[in-house]
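J.: Sharing a structure below in structure tokens format, with a few things to ask.
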Number of protein chains: 2
Amino acid sequence: MTEYFGYAAGVLTVVSFLPQVIRTWRTKQTDDLSFGMFALLVTAGGLWITYGVMSSDWPVIGTNVGTVALNCAILTAKLRYS
Amino acid sequence: MTEYFGYAAGVLTVVSFLPQVIRTWRTKQTDDLSFGMFALLVTAGGLWITYGVMSSDWPVIGTNVGTVALNCAILTAKLRYS
């Protein structure tokens with residue numbers, strides 16, 4: 001039961017970055033995006049994956065693998081278009 | 001030991017939203033920000049807090065209380081300035 005909340009939270013967290021990824025890659029406008037935010041989110045995601053592996057917490061592991069990938073996509077757009 | 005990674009990840013996650021909050025409130029420019037992203041992050045944060053409480057995971061609880069507050073600040077700016 002507890003795990004379901006974790007997976008629901010994880011899916012929603014990963015999905016939440018999709019509108020920003022899509023918007024950014026479509027508009028190629030990144031001026032209002034903070035590079036620092038997304039760089040820190042990638043670093044934090046790496047730490048969460050470590051924490052998830054150490055505590056065998058699969059919702060945490062899965063979520064952060066997904067968000068690190070999407071945040072890298074946003075960072076790439078920021079570097080390319082700004 | 002495991003908890004330290006969780007707290008480090010949590011602090012970094014919360015801190016990562018600060019540059020965006022500061023940038024958004026200072027520039028009052030929110031056109032490039034996705035409303036959907038931040039609305040979903042607030043919803044996901046609520047689910048993570050539920051998951052954290054059910055599994056007594058303090059790093060998860062603390063992190064998401066922080067991110068929900070900051071994402072609400074970004075959402076408020078988006079609604080006010082766009």
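Scheme for the structure tokens: letters A, B, ... for chains in order shown; per-chain residue numbers from 1; ligand numbers from 1 in order shown.
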Could you work out which residues of chain B fall inside 7 Å of chain A? Count only C-alpha atoms, and format the result as a PyMOL selection string.
T.: chain B and resi 2+5-6+9+12-13+16-17+19-20+29-30+32-34+36-37+40-41+44+47-48+51+54-55
J.: CA of Trp25 in chain B and CA of Val68 in chain A, how far apart in Å?
T.: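 Computed distance, CA of Val68 in chain A to CA of Trp25 in chain B, equals 25.7 Å.
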J.: Which value, in Å to one decimal, gives the distance between CA of Arg80 in chain A and CA of Arg26 in chain A?
T.: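 Computing the Euclidean distance for CA of Arg80 in chain A and CA of Arg26 in chain A yields 13.0 Å.
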